[in-house]
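Shown next: start05.cif, given as mmCIF, N, CA and C atoms.
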```cif
data_input
loop_
_atom_site.label_atom_id
_atom_site.label_comp_id
_atom_site.auth_asym_id
_atom_site.auth_seq_id
_atom_site.Cartn_x
_atom_site.Cartn_y
_atom_site.Cartn_z
N MET A 1 147.79 73.78 80.71
CA MET A 1 148.20 73.98 79.33
C MET A 1 148.54 75.44 79.12
N HIS A 2 149.59 75.69 78.37
CA HIS A 2 150.05 77.04 78.08
C HIS A 2 149.11 77.71 77.09
N SER A 3 148.77 78.96 77.36
CA SER A 3 147.96 79.74 76.43
C SER A 3 148.88 80.60 75.59
N PRO A 4 148.88 80.43 74.27
CA PRO A 4 149.75 81.25 73.44
C PRO A 4 149.16 82.65 73.29
N LYS A 5 149.98 83.57 72.85
CA LYS A 5 149.53 84.93 72.60
C LYS A 5 148.81 84.96 71.26
N ILE A 6 147.61 85.54 71.26
CA ILE A 6 146.81 85.65 70.04
C ILE A 6 146.59 87.13 69.77
N HIS A 7 146.93 87.56 68.56
CA HIS A 7 146.75 88.97 68.19
C HIS A 7 146.42 89.08 66.71
N THR A 8 146.04 90.27 66.29
CA THR A 8 145.72 90.52 64.89
C THR A 8 147.01 90.71 64.11
N PHE A 9 147.07 90.17 62.91
CA PHE A 9 148.28 90.26 62.09
C PHE A 9 148.48 91.69 61.62
N ASN A 10 149.74 92.14 61.71
CA ASN A 10 150.15 93.42 61.18
C ASN A 10 151.49 93.19 60.50
N SER A 11 151.57 93.56 59.22
CA SER A 11 152.80 93.28 58.46
C SER A 11 154.00 94.03 59.01
N LYS A 12 153.78 95.09 59.80
CA LYS A 12 154.89 95.86 60.36
C LYS A 12 155.51 95.16 61.57
N ASN A 13 154.75 94.28 62.21
CA ASN A 13 155.25 93.57 63.38
C ASN A 13 155.89 92.25 62.95
N PRO A 14 157.00 91.88 63.55
CA PRO A 14 157.63 90.60 63.19
C PRO A 14 156.83 89.43 63.77
N VAL A 15 156.86 88.31 63.06
CA VAL A 15 156.23 87.08 63.55
C VAL A 15 157.31 86.02 63.66
N ASN A 16 157.17 85.14 64.64
CA ASN A 16 158.18 84.10 64.82
C ASN A 16 157.90 82.92 63.90
N ASP A 17 158.83 81.98 63.89
CA ASP A 17 158.72 80.81 63.01
C ASP A 17 157.61 79.86 63.43
N PHE A 18 157.17 79.97 64.67
CA PHE A 18 156.15 79.06 65.19
C PHE A 18 154.79 79.74 65.30
N SER A 19 154.45 80.56 64.33
CA SER A 19 153.16 81.25 64.34
C SER A 19 152.16 80.52 63.46
N VAL A 20 150.93 80.52 63.91
CA VAL A 20 149.82 79.94 63.14
C VAL A 20 148.95 81.10 62.71
N PHE A 21 148.61 81.16 61.43
CA PHE A 21 147.79 82.24 60.89
C PHE A 21 146.38 81.71 60.65
N ILE A 22 145.39 82.48 61.14
CA ILE A 22 144.00 82.06 61.07
C ILE A 22 143.18 83.16 60.41
N LEU A 23 142.45 82.82 59.37
CA LEU A 23 141.60 83.77 58.67
C LEU A 23 140.51 84.28 59.61
N CYS A 24 140.25 85.59 59.59
CA CYS A 24 139.25 86.13 60.53
C CYS A 24 138.07 86.81 59.83
N LYS A 25 138.09 86.92 58.51
CA LYS A 25 136.98 87.54 57.80
C LYS A 25 136.45 86.60 56.74
N GLY A 26 135.15 86.69 56.52
CA GLY A 26 134.51 85.86 55.50
C GLY A 26 133.90 84.62 56.11
N LEU A 27 133.25 83.84 55.25
CA LEU A 27 132.60 82.62 55.73
C LEU A 27 133.59 81.52 56.09
N ASN A 28 134.85 81.69 55.72
CA ASN A 28 135.89 80.74 56.10
C ASN A 28 136.66 81.21 57.33
N SER A 29 136.08 82.05 58.13
CA SER A 29 136.74 82.51 59.35
C SER A 29 137.10 81.32 60.21
N GLY A 30 138.33 81.34 60.72
CA GLY A 30 138.82 80.25 61.55
C GLY A 30 139.68 79.27 60.78
N LYS A 31 139.79 79.45 59.47
CA LYS A 31 140.57 78.53 58.64
C LYS A 31 142.06 78.81 58.82
N PRO A 32 142.86 77.78 59.11
CA PRO A 32 144.30 77.98 59.20
C PRO A 32 144.89 78.30 57.83
N LEU A 33 145.84 79.23 57.81
CA LEU A 33 146.47 79.65 56.56
C LEU A 33 147.94 79.28 56.56
N GLU A 34 148.49 79.08 55.36
CA GLU A 34 149.93 78.81 55.24
C GLU A 34 150.73 80.10 55.36
N LYS A 35 150.20 81.17 54.77
CA LYS A 35 150.90 82.46 54.79
C LYS A 35 149.96 83.50 55.40
N PRO A 36 150.53 84.52 56.03
CA PRO A 36 149.68 85.56 56.63
C PRO A 36 149.01 86.43 55.57
N CYS A 37 147.88 86.99 55.93
CA CYS A 37 147.18 87.94 55.07
C CYS A 37 146.68 89.08 55.96
N PRO A 38 146.25 90.19 55.39
CA PRO A 38 145.79 91.32 56.22
C PRO A 38 144.59 90.98 57.11
N ASN A 39 143.79 89.98 56.73
CA ASN A 39 142.60 89.62 57.49
C ASN A 39 142.81 88.34 58.27
N CYS A 40 143.82 88.34 59.14
CA CYS A 40 144.04 87.12 59.90
C CYS A 40 144.51 87.41 61.32
N PHE A 41 144.34 86.41 62.15
CA PHE A 41 144.87 86.43 63.51
C PHE A 41 146.15 85.62 63.52
N VAL A 42 146.99 85.89 64.52
CA VAL A 42 148.24 85.16 64.69
C VAL A 42 148.21 84.48 66.05
N ILE A 43 148.47 83.19 66.06
CA ILE A 43 148.65 82.46 67.31
C ILE A 43 150.16 82.26 67.43
N ALA A 44 150.79 82.99 68.35
CA ALA A 44 152.24 82.94 68.52
C ALA A 44 152.58 81.81 69.49
N CYS A 45 153.14 80.74 68.97
CA CYS A 45 153.48 79.56 69.77
C CYS A 45 154.97 79.57 70.12
N LYS A 46 155.33 78.77 71.11
CA LYS A 46 156.72 78.73 71.57
C LYS A 46 157.56 77.68 70.85
N ASN A 47 156.94 76.61 70.38
CA ASN A 47 157.70 75.56 69.70
C ASN A 47 156.84 74.90 68.63
N SER A 48 157.44 73.97 67.90
CA SER A 48 156.72 73.36 66.77
C SER A 48 155.60 72.43 67.23
N ASP A 49 155.77 71.77 68.38
CA ASP A 49 154.69 70.90 68.89
C ASP A 49 153.45 71.72 69.22
N GLU A 50 153.65 72.83 69.88
CA GLU A 50 152.54 73.71 70.22
C GLU A 50 151.90 74.27 68.95
N MET A 51 152.74 74.62 67.97
CA MET A 51 152.22 75.14 66.70
C MET A 51 151.36 74.09 66.00
N ASP A 52 151.82 72.86 65.96
CA ASP A 52 151.05 71.78 65.33
C ASP A 52 149.72 71.57 66.06
N PHE A 53 149.75 71.63 67.39
CA PHE A 53 148.53 71.43 68.16
C PHE A 53 147.50 72.50 67.84
N TYR A 54 147.91 73.77 67.85
CA TYR A 54 146.95 74.85 67.61
C TYR A 54 146.51 74.91 66.15
N LYS A 55 147.37 74.54 65.25
CA LYS A 55 146.97 74.49 63.84
C LYS A 55 145.94 73.38 63.63
N THR A 56 146.17 72.24 64.27
CA THR A 56 145.24 71.12 64.19
C THR A 56 143.92 71.47 64.86
N LEU A 57 143.99 72.12 66.00
CA LEU A 57 142.78 72.54 66.72
C LEU A 57 141.97 73.50 65.87
N ALA A 58 142.63 74.51 65.29
CA ALA A 58 141.92 75.48 64.45
C ALA A 58 141.32 74.80 63.22
N PHE A 59 142.05 73.86 62.64
CA PHE A 59 141.52 73.14 61.48
C PHE A 59 140.27 72.36 61.85
N GLY A 60 140.31 71.68 63.00
CA GLY A 60 139.15 70.91 63.44
C GLY A 60 137.95 71.80 63.72
N LEU A 61 138.18 72.92 64.38
CA LEU A 61 137.08 73.84 64.67
C LEU A 61 136.52 74.44 63.39
N TRP A 62 137.40 74.78 62.45
CA TRP A 62 136.94 75.36 61.19
C TRP A 62 136.15 74.31 60.40
N LYS A 63 136.66 73.08 60.34
CA LYS A 63 136.00 72.03 59.57
C LYS A 63 134.63 71.71 60.16
N ALA A 64 134.50 71.81 61.48
CA ALA A 64 133.23 71.54 62.14
C ALA A 64 132.30 72.76 62.11
N LYS A 65 132.76 73.83 61.47
CA LYS A 65 132.00 75.09 61.37
C LYS A 65 131.65 75.65 62.75
N HIS A 66 132.56 75.45 63.69
CA HIS A 66 132.34 75.91 65.06
C HIS A 66 132.34 77.43 65.15
N PHE A 67 133.09 78.11 64.28
CA PHE A 67 133.19 79.56 64.34
C PHE A 67 131.98 80.28 63.74
N HIS A 68 131.12 79.56 63.03
CA HIS A 68 129.96 80.20 62.40
C HIS A 68 129.04 80.86 63.43
N GLN A 69 128.98 80.31 64.62
CA GLN A 69 128.11 80.88 65.65
C GLN A 69 128.62 82.23 66.14
N PHE A 70 129.89 82.56 65.88
CA PHE A 70 130.47 83.81 66.35
C PHE A 70 130.57 84.87 65.25
N LEU A 71 130.16 84.54 64.04
CA LEU A 71 130.28 85.49 62.93
C LEU A 71 129.32 86.66 63.12
N VAL A 72 129.82 87.87 62.90
CA VAL A 72 129.01 89.08 62.95
C VAL A 72 129.32 89.88 61.69
N GLY A 73 128.44 90.82 61.37
CA GLY A 73 128.63 91.64 60.19
C GLY A 73 127.62 91.28 59.13
N SER A 74 127.09 92.29 58.46
CA SER A 74 126.02 92.04 57.50
C SER A 74 126.55 91.81 56.08
N VAL A 75 127.60 92.49 55.68
CA VAL A 75 128.10 92.34 54.32
C VAL A 75 129.24 91.32 54.28
N ILE A 76 130.28 91.57 55.05
CA ILE A 76 131.39 90.63 55.15
C ILE A 76 131.44 90.14 56.60
N PRO A 77 131.03 88.90 56.83
CA PRO A 77 131.05 88.39 58.20
C PRO A 77 132.48 88.24 58.71
N PHE A 78 132.65 88.43 60.00
CA PHE A 78 133.97 88.28 60.61
C PHE A 78 133.80 87.79 62.04
N ILE A 79 134.90 87.34 62.61
CA ILE A 79 134.88 86.88 63.99
C ILE A 79 135.70 87.86 64.83
N ARG A 80 135.18 88.18 66.00
CA ARG A 80 135.88 89.10 66.90
C ARG A 80 137.03 88.36 67.58
N ILE A 81 138.08 89.09 67.87
CA ILE A 81 139.27 88.46 68.43
C ILE A 81 139.00 87.91 69.83
N ASP A 82 138.16 88.57 70.62
CA ASP A 82 137.85 88.05 71.96
C ASP A 82 137.10 86.72 71.87
N ASP A 83 136.14 86.64 70.95
CA ASP A 83 135.42 85.37 70.75
C ASP A 83 136.39 84.28 70.31
N PHE A 84 137.31 84.63 69.42
CA PHE A 84 138.29 83.66 68.93
C PHE A 84 139.20 83.19 70.07
N LYS A 85 139.70 84.12 70.85
CA LYS A 85 140.59 83.77 71.97
C LYS A 85 139.89 82.85 72.96
N ASN A 86 138.65 83.21 73.33
CA ASN A 86 137.91 82.40 74.30
C ASN A 86 137.64 81.00 73.76
N THR A 87 137.28 80.91 72.50
CA THR A 87 137.00 79.62 71.88
C THR A 87 138.25 78.75 71.84
N ILE A 88 139.35 79.32 71.40
CA ILE A 88 140.60 78.56 71.32
C ILE A 88 141.02 78.08 72.70
N LYS A 89 140.90 78.95 73.70
CA LYS A 89 141.32 78.58 75.05
C LYS A 89 140.46 77.43 75.60
N THR A 90 139.14 77.57 75.51
CA THR A 90 138.26 76.54 76.08
C THR A 90 138.37 75.22 75.30
N GLN A 91 138.44 75.31 73.98
CA GLN A 91 138.53 74.09 73.19
C GLN A 91 139.88 73.41 73.35
N ALA A 92 140.96 74.18 73.54
CA ALA A 92 142.28 73.59 73.76
C ALA A 92 142.28 72.81 75.07
N GLU A 93 141.65 73.35 76.09
CA GLU A 93 141.57 72.64 77.37
C GLU A 93 140.76 71.35 77.21
N GLU A 94 139.67 71.42 76.47
CA GLU A 94 138.80 70.26 76.27
C GLU A 94 139.51 69.18 75.45
N VAL A 95 140.16 69.59 74.38
CA VAL A 95 140.82 68.64 73.48
C VAL A 95 142.05 68.02 74.14
N SER A 96 142.75 68.78 74.96
CA SER A 96 143.97 68.27 75.56
C SER A 96 143.71 67.10 76.52
N LYS A 97 142.46 66.93 76.92
CA LYS A 97 142.10 65.79 77.77
C LYS A 97 142.25 64.48 77.00
N ASN A 98 141.97 64.51 75.70
CA ASN A 98 142.07 63.31 74.86
C ASN A 98 142.77 63.69 73.55
N LYS A 99 144.00 64.13 73.67
CA LYS A 99 144.76 64.70 72.56
C LYS A 99 145.03 63.71 71.44
N MET A 100 145.36 62.47 71.79
CA MET A 100 145.70 61.48 70.77
C MET A 100 144.51 61.13 69.88
N ALA A 101 143.34 60.95 70.47
CA ALA A 101 142.15 60.62 69.69
C ALA A 101 141.79 61.78 68.76
N PHE A 102 141.92 63.00 69.25
CA PHE A 102 141.62 64.17 68.42
C PHE A 102 142.58 64.24 67.24
N THR A 103 143.85 64.05 67.49
CA THR A 103 144.85 64.12 66.43
C THR A 103 144.61 63.05 65.37
N THR A 104 144.29 61.83 65.79
CA THR A 104 144.03 60.77 64.81
C THR A 104 142.78 61.07 63.99
N ASP A 105 141.75 61.63 64.62
CA ASP A 105 140.55 61.98 63.87
C ASP A 105 140.83 63.08 62.85
N VAL A 106 141.63 64.06 63.22
CA VAL A 106 141.97 65.13 62.29
C VAL A 106 142.78 64.58 61.13
N GLN A 107 143.70 63.65 61.39
CA GLN A 107 144.48 63.04 60.32
C GLN A 107 143.58 62.25 59.37
N LYS A 108 142.56 61.59 59.91
CA LYS A 108 141.61 60.87 59.07
C LYS A 108 140.83 61.83 58.18
N VAL A 109 140.41 62.96 58.74
CA VAL A 109 139.69 63.96 57.95
C VAL A 109 140.57 64.50 56.83
N LYS A 110 141.83 64.76 57.13
CA LYS A 110 142.75 65.25 56.10
C LYS A 110 142.95 64.22 55.00
N LEU A 111 143.03 62.95 55.36
CA LEU A 111 143.15 61.89 54.38
C LEU A 111 141.91 61.83 53.49
N ILE A 112 140.75 61.95 54.09
CA ILE A 112 139.50 61.95 53.33
C ILE A 112 139.46 63.13 52.37
N GLU A 113 139.91 64.30 52.83
CA GLU A 113 139.93 65.47 51.95
C GLU A 113 140.89 65.27 50.78
N ARG A 114 142.04 64.65 51.03
CA ARG A 114 142.98 64.36 49.95
C ARG A 114 142.35 63.45 48.91
N LYS A 115 141.67 62.41 49.38
CA LYS A 115 140.98 61.48 48.47
C LYS A 115 139.88 62.20 47.70
N GLU A 116 139.15 63.07 48.39
CA GLU A 116 138.08 63.83 47.75
C GLU A 116 138.64 64.71 46.64
N LYS A 117 139.79 65.33 46.89
CA LYS A 117 140.43 66.18 45.88
C LYS A 117 140.85 65.34 44.67
N GLN A 118 141.38 64.14 44.92
CA GLN A 118 141.76 63.25 43.82
C GLN A 118 140.55 62.86 42.98
N ILE A 119 139.43 62.59 43.64
CA ILE A 119 138.21 62.21 42.92
C ILE A 119 137.72 63.38 42.07
N TYR A 120 137.77 64.60 42.60
CA TYR A 120 137.36 65.77 41.82
C TYR A 120 138.26 65.95 40.59
N GLN A 121 139.55 65.70 40.75
CA GLN A 121 140.47 65.80 39.62
C GLN A 121 140.15 64.73 38.57
N GLN A 122 139.83 63.54 39.02
CA GLN A 122 139.47 62.47 38.08
C GLN A 122 138.18 62.79 37.35
N LEU A 123 137.21 63.37 38.05
CA LEU A 123 135.95 63.76 37.40
C LEU A 123 136.19 64.84 36.36
N ALA A 124 137.08 65.78 36.65
CA ALA A 124 137.40 66.83 35.69
C ALA A 124 138.05 66.23 34.45
N LEU A 125 138.94 65.25 34.63
CA LEU A 125 139.57 64.58 33.49
C LEU A 125 138.54 63.82 32.66
N LEU A 126 137.62 63.14 33.31
CA LEU A 126 136.57 62.42 32.58
C LEU A 126 135.69 63.37 31.78
N ALA A 127 135.40 64.52 32.35
CA ALA A 127 134.61 65.52 31.62
C ALA A 127 135.37 66.01 30.39
N ASP A 128 136.68 66.20 30.51
CA ASP A 128 137.50 66.60 29.36
C ASP A 128 137.50 65.52 28.28
N VAL A 129 137.60 64.26 28.69
CA VAL A 129 137.58 63.15 27.73
C VAL A 129 136.25 63.12 26.99
N LYS A 130 135.15 63.28 27.70
CA LYS A 130 133.83 63.30 27.05
C LYS A 130 133.74 64.45 26.05
N ARG A 131 134.21 65.61 26.45
CA ARG A 131 134.17 66.78 25.58
C ARG A 131 135.02 66.53 24.33
N ALA A 132 136.21 65.95 24.50
CA ALA A 132 137.10 65.67 23.36
C ALA A 132 136.48 64.64 22.42
N MET A 133 135.83 63.63 22.99
CA MET A 133 135.20 62.61 22.15
C MET A 133 134.09 63.21 21.29
N MET A 134 133.33 64.10 21.85
CA MET A 134 132.24 64.70 21.09
C MET A 134 132.75 65.78 20.14
N HIS A 135 133.84 66.42 20.50
CA HIS A 135 134.37 67.52 19.70
C HIS A 135 134.83 67.06 18.32
N ARG A 136 135.33 65.85 18.20
CA ARG A 136 135.87 65.40 16.92
C ARG A 136 134.79 65.22 15.85
N TYR A 137 133.53 65.21 16.23
CA TYR A 137 132.45 65.07 15.25
C TYR A 137 131.93 66.40 14.73
N PHE A 138 132.37 67.47 15.27
CA PHE A 138 131.85 68.78 14.86
C PHE A 138 132.89 69.55 14.09
N LYS A 139 132.43 70.31 13.09
CA LYS A 139 133.33 71.14 12.28
C LYS A 139 133.67 72.40 13.05
N ARG A 140 134.79 72.95 12.70
CA ARG A 140 135.21 74.20 13.33
C ARG A 140 134.72 75.39 12.58
#
```
Once more with this new file: its structure as structure tokens, please.
Amino acid sequence: MHSPKIHTFNSKNPVNDFSVFILCKGLNSGKPLEKPCPNCFVIACKNSDEMDFYKTLAFGLWKAKHFHQFLVGSVIPFIRIDDFKNTIKTQAEEVSKNKMAFTTDVQKVKLIERKEKQIYQQLALLADVKRAMMHRYFKR
């Protein structure tokens, strides 16, 4: 399996269209990002298939809180780039043995998260309805 180049994001350096951005500071270290930020790593991939694989891999590792064991720092925890590189490399080799099962499991997790978000939105609407029902009995 090809190992992509992993480096720290710098806004002065150009990034290609097939880059995956991963948050490297805070308790959400390892979370894939849609847009780059100053506190992220870049996984420079060669094509869209490779980009999807590494984005999915990073999402799975982040969701499983796999990066928490590598967090250092007392005030703002962060992950070191060497730890991140080693983890991505070893886990990519492990996952590529059964790539289809991993991808389907990640898709199921994403579906569950979408449903969870819908339920939270419905709960917020119900709370608003309760508040509105009670509000009409009180004077302003």
Could you pull out the helix (DSSP H, G or I) residues of chain A, going by DSSP on the backbone, and write them as a PyMOL selection string? chain A and resi 48-63+66-70+81-96+99-135
DSSP on the backbone: what in chain A comes out strand (DSSP E or B), as an MDAnalysis selection string? chainID A and resid 5:8 19:23 25 32:33 40:44 72 78
Since we have the selection now, will you write its residues out, keeping N, CA and C atoms, as a compact mmCIF listing (two decimals), in the coordinates of the input?
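Written out: result03.txt:
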```
# COMPACT_ATOMS: atom_id res chain seq x y z
N LYS A 5 149.98 83.57 72.85
CA LYS A 5 149.53 84.93 72.60
C LYS A 5 148.81 84.96 71.26
N ILE A 6 147.61 85.54 71.26
CA ILE A 6 146.81 85.65 70.04
C ILE A 6 146.59 87.13 69.77
N HIS A 7 146.93 87.56 68.56
CA HIS A 7 146.75 88.97 68.19
C HIS A 7 146.42 89.08 66.71
N THR A 8 146.04 90.27 66.29
CA THR A 8 145.72 90.52 64.89
C THR A 8 147.01 90.71 64.11
N SER A 19 154.45 80.56 64.33
CA SER A 19 153.16 81.25 64.34
C SER A 19 152.16 80.52 63.46
N VAL A 20 150.93 80.52 63.91
CA VAL A 20 149.82 79.94 63.14
C VAL A 20 148.95 81.10 62.71
N PHE A 21 148.61 81.16 61.43
CA PHE A 21 147.79 82.24 60.89
C PHE A 21 146.38 81.71 60.65
N ILE A 22 145.39 82.48 61.14
CA ILE A 22 144.00 82.06 61.07
C ILE A 22 143.18 83.16 60.41
N LEU A 23 142.45 82.82 59.37
CA LEU A 23 141.60 83.77 58.67
C LEU A 23 140.51 84.28 59.61
N LYS A 25 138.09 86.92 58.51
CA LYS A 25 136.98 87.54 57.80
C LYS A 25 136.45 86.60 56.74
N PRO A 32 142.86 77.78 59.11
CA PRO A 32 144.30 77.98 59.20
C PRO A 32 144.89 78.30 57.83
N LEU A 33 145.84 79.23 57.81
CA LEU A 33 146.47 79.65 56.56
C LEU A 33 147.94 79.28 56.56
N CYS A 40 143.82 88.34 59.14
CA CYS A 40 144.04 87.12 59.90
C CYS A 40 144.51 87.41 61.32
N PHE A 41 144.34 86.41 62.15
CA PHE A 41 144.87 86.43 63.51
C PHE A 41 146.15 85.62 63.52
N VAL A 42 146.99 85.89 64.52
CA VAL A 42 148.24 85.16 64.69
C VAL A 42 148.21 84.48 66.05
N ILE A 43 148.47 83.19 66.06
CA ILE A 43 148.65 82.46 67.31
C ILE A 43 150.16 82.26 67.43
N ALA A 44 150.79 82.99 68.35
CA ALA A 44 152.24 82.94 68.52
C ALA A 44 152.58 81.81 69.49
N VAL A 72 129.82 87.87 62.90
CA VAL A 72 129.01 89.08 62.95
C VAL A 72 129.32 89.88 61.69
N PHE A 78 132.65 88.43 60.00
CA PHE A 78 133.97 88.28 60.61
C PHE A 78 133.80 87.79 62.04
```
Taking the point (153.5, 79.1, 70.4) as given in the file, collect each protein or nucleic acid residue that comes within 7 Å of it, counting only N, CA and C atoms, and present the set as a list in words.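 Within 7 Å of (153.5, 79.1, 70.4), the protein and nucleic acid residues are Pro4, Lys5, Phe18, Ser19, Ile43, Ala44, Cys45, Lys46, Asn47, Ser48, Glu50 and Met51 of chain A.
Interatomic distance, atom N of Asn16 (chain A) against atom C of Val42 (chain A): 9.1 Å.
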List the residues selected by the PyMOL selection byres (((chain A and resi 89-106 and name CA) around 10) and name CA) in the file shown, writing them as a list in words. Met1, His2, Ser3, Pro4, Asp52, Phe53, Tyr54, Thr56, Leu57, Ala58, Phe59, Gly60, Leu61, Lys63, Asp83, Phe84, Lys85, Asn86, Thr87, Ile88, Gln107, Lys108, Val109, Lys110, Leu111 and Ile112 of chain A
With N, CA and C atoms retained, write the just-selected residues as a PDB file, in the frame of the given file.
```pdb
ATOM      1  N   MET A   1     147.790  73.780  80.710  1.00  0.00           N
ATOM      2  CA  MET A   1     148.200  73.980  79.330  1.00  0.00           C
ATOM      3  C   MET A   1     148.540  75.440  79.120  1.00  0.00           C
ATOM      4  N   HIS A   2     149.590  75.690  78.370  1.00  0.00           N
ATOM      5  CA  HIS A   2     150.050  77.040  78.080  1.00  0.00           C
ATOM      6  C   HIS A   2     149.110  77.710  77.090  1.00  0.00           C
ATOM      7  N   SER A   3     148.770  78.960  77.360  1.00  0.00           N
ATOM      8  CA  SER A   3     147.960  79.740  76.430  1.00  0.00           C
ATOM      9  C   SER A   3     148.880  80.600  75.590  1.00  0.00           C
ATOM     10  N   PRO A   4     148.880  80.430  74.270  1.00  0.00           N
ATOM     11  CA  PRO A   4     149.750  81.250  73.440  1.00  0.00           C
ATOM     12  C   PRO A   4     149.160  82.650  73.290  1.00  0.00           C
ATOM     13  N   ASP A  52     151.820  72.860  65.960  1.00  0.00           N
ATOM     14  CA  ASP A  52     151.050  71.780  65.330  1.00  0.00           C
ATOM     15  C   ASP A  52     149.720  71.570  66.060  1.00  0.00           C
ATOM     16  N   PHE A  53     149.750  71.630  67.390  1.00  0.00           N
ATOM     17  CA  PHE A  53     148.530  71.430  68.160  1.00  0.00           C
ATOM     18  C   PHE A  53     147.500  72.500  67.840  1.00  0.00           C
ATOM     19  N   TYR A  54     147.910  73.770  67.850  1.00  0.00           N
ATOM     20  CA  TYR A  54     146.950  74.850  67.610  1.00  0.00           C
ATOM     21  C   TYR A  54     146.510  74.910  66.150  1.00  0.00           C
ATOM     22  N   THR A  56     146.170  72.240  64.270  1.00  0.00           N
ATOM     23  CA  THR A  56     145.240  71.120  64.190  1.00  0.00           C
ATOM     24  C   THR A  56     143.920  71.470  64.860  1.00  0.00           C
ATOM     25  N   LEU A  57     143.990  72.120  66.000  1.00  0.00           N
ATOM     26  CA  LEU A  57     142.780  72.540  66.720  1.00  0.00           C
ATOM     27  C   LEU A  57     141.970  73.500  65.870  1.00  0.00           C
ATOM     28  N   ALA A  58     142.630  74.510  65.290  1.00  0.00           N
ATOM     29  CA  ALA A  58     141.920  75.480  64.450  1.00  0.00           C
ATOM     30  C   ALA A  58     141.320  74.800  63.220  1.00  0.00           C
ATOM     31  N   PHE A  59     142.050  73.860  62.640  1.00  0.00           N
ATOM     32  CA  PHE A  59     141.520  73.140  61.480  1.00  0.00           C
ATOM     33  C   PHE A  59     140.270  72.360  61.850  1.00  0.00           C
ATOM     34  N   GLY A  60     140.310  71.680  63.000  1.00  0.00           N
ATOM     35  CA  GLY A  60     139.150  70.910  63.440  1.00  0.00           C
ATOM     36  C   GLY A  60     137.950  71.800  63.720  1.00  0.00           C
ATOM     37  N   LEU A  61     138.180  72.920  64.380  1.00  0.00           N
ATOM     38  CA  LEU A  61     137.080  73.840  64.670  1.00  0.00           C
ATOM     39  C   LEU A  61     136.520  74.440  63.390  1.00  0.00           C
ATOM     40  N   LYS A  63     136.660  73.080  60.340  1.00  0.00           N
ATOM     41  CA  LYS A  63     136.000  72.030  59.570  1.00  0.00           C
ATOM     42  C   LYS A  63     134.630  71.710  60.160  1.00  0.00           C
ATOM     43  N   ASP A  83     136.140  86.640  70.950  1.00  0.00           N
ATOM     44  CA  ASP A  83     135.420  85.370  70.750  1.00  0.00           C
ATOM     45  C   ASP A  83     136.390  84.280  70.310  1.00  0.00           C
ATOM     46  N   PHE A  84     137.310  84.630  69.420  1.00  0.00           N
ATOM     47  CA  PHE A  84     138.290  83.660  68.930  1.00  0.00           C
ATOM     48  C   PHE A  84     139.200  83.190  70.070  1.00  0.00           C
ATOM     49  N   LYS A  85     139.700  84.120  70.850  1.00  0.00           N
ATOM     50  CA  LYS A  85     140.590  83.770  71.970  1.00  0.00           C
ATOM     51  C   LYS A  85     139.890  82.850  72.960  1.00  0.00           C
ATOM     52  N   ASN A  86     138.650  83.210  73.330  1.00  0.00           N
ATOM     53  CA  ASN A  86     137.910  82.400  74.300  1.00  0.00           C
ATOM     54  C   ASN A  86     137.640  81.000  73.760  1.00  0.00           C
ATOM     55  N   THR A  87     137.280  80.910  72.500  1.00  0.00           N
ATOM     56  CA  THR A  87     137.000  79.620  71.880  1.00  0.00           C
ATOM     57  C   THR A  87     138.250  78.750  71.840  1.00  0.00           C
ATOM     58  N   ILE A  88     139.350  79.320  71.400  1.00  0.00           N
ATOM     59  CA  ILE A  88     140.600  78.560  71.320  1.00  0.00           C
ATOM     60  C   ILE A  88     141.020  78.080  72.700  1.00  0.00           C
ATOM     61  N   GLN A 107     143.700  63.650  61.390  1.00  0.00           N
ATOM     62  CA  GLN A 107     144.480  63.040  60.320  1.00  0.00           C
ATOM     63  C   GLN A 107     143.580  62.250  59.370  1.00  0.00           C
ATOM     64  N   LYS A 108     142.560  61.590  59.910  1.00  0.00           N
ATOM     65  CA  LYS A 108     141.610  60.870  59.070  1.00  0.00           C
ATOM     66  C   LYS A 108     140.830  61.830  58.180  1.00  0.00           C
ATOM     67  N   VAL A 109     140.410  62.960  58.740  1.00  0.00           N
ATOM     68  CA  VAL A 109     139.690  63.960  57.950  1.00  0.00           C
ATOM     69  C   VAL A 109     140.570  64.500  56.830  1.00  0.00           C
ATOM     70  N   LYS A 110     141.830  64.760  57.130  1.00  0.00           N
ATOM     71  CA  LYS A 110     142.750  65.250  56.100  1.00  0.00           C
ATOM     72  C   LYS A 110     142.950  64.220  55.000  1.00  0.00           C
ATOM     73  N   LEU A 111     143.030  62.950  55.360  1.00  0.00           N
ATOM     74  CA  LEU A 111     143.150  61.890  54.380  1.00  0.00           C
ATOM     75  C   LEU A 111     141.910  61.830  53.490  1.00  0.00           C
ATOM     76  N   ILE A 112     140.750  61.950  54.090  1.00  0.00           N
ATOM     77  CA  ILE A 112     139.500  61.950  53.330  1.00  0.00           C
ATOM     78  C   ILE A 112     139.460  63.130  52.370  1.00  0.00           C
TER      79      ILE A 112
END
```
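What separates CA of Lys12 (chain A) from CA of Gly26 (chain A) is a distance of 23.2 Å.
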Can you tell me which residues surround Asn10 (chain A) at a distance of at most 8 Å, considering only N, CA and C atoms, apart from same-chain residues fewer than 5 positions away, and format the answer as a CSV table (one decimal) with N, CA and C atoms, keeping the file's coordinate frame?
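Result file is out25.csv:
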```csv
chain,number,residue,atom,x,y,z
A,15,VAL,N,156.9,88.3,63.1
A,15,VAL,CA,156.2,87.1,63.6
A,15,VAL,C,157.3,86.0,63.7
A,37,CYS,N,147.9,87.0,55.9
A,37,CYS,CA,147.2,87.9,55.1
A,37,CYS,C,146.7,89.1,56.0
A,38,PRO,N,146.2,90.2,55.4
A,38,PRO,CA,145.8,91.3,56.2
A,38,PRO,C,144.6,91.0,57.1
A,40,CYS,N,143.8,88.3,59.1
A,40,CYS,CA,144.0,87.1,59.9
A,40,CYS,C,144.5,87.4,61.3
A,41,PHE,N,144.3,86.4,62.2
A,41,PHE,CA,144.9,86.4,63.5
A,41,PHE,C,146.2,85.6,63.5
A,42,VAL,N,147.0,85.9,64.5
A,42,VAL,CA,148.2,85.2,64.7
A,42,VAL,C,148.2,84.5,66.0
```
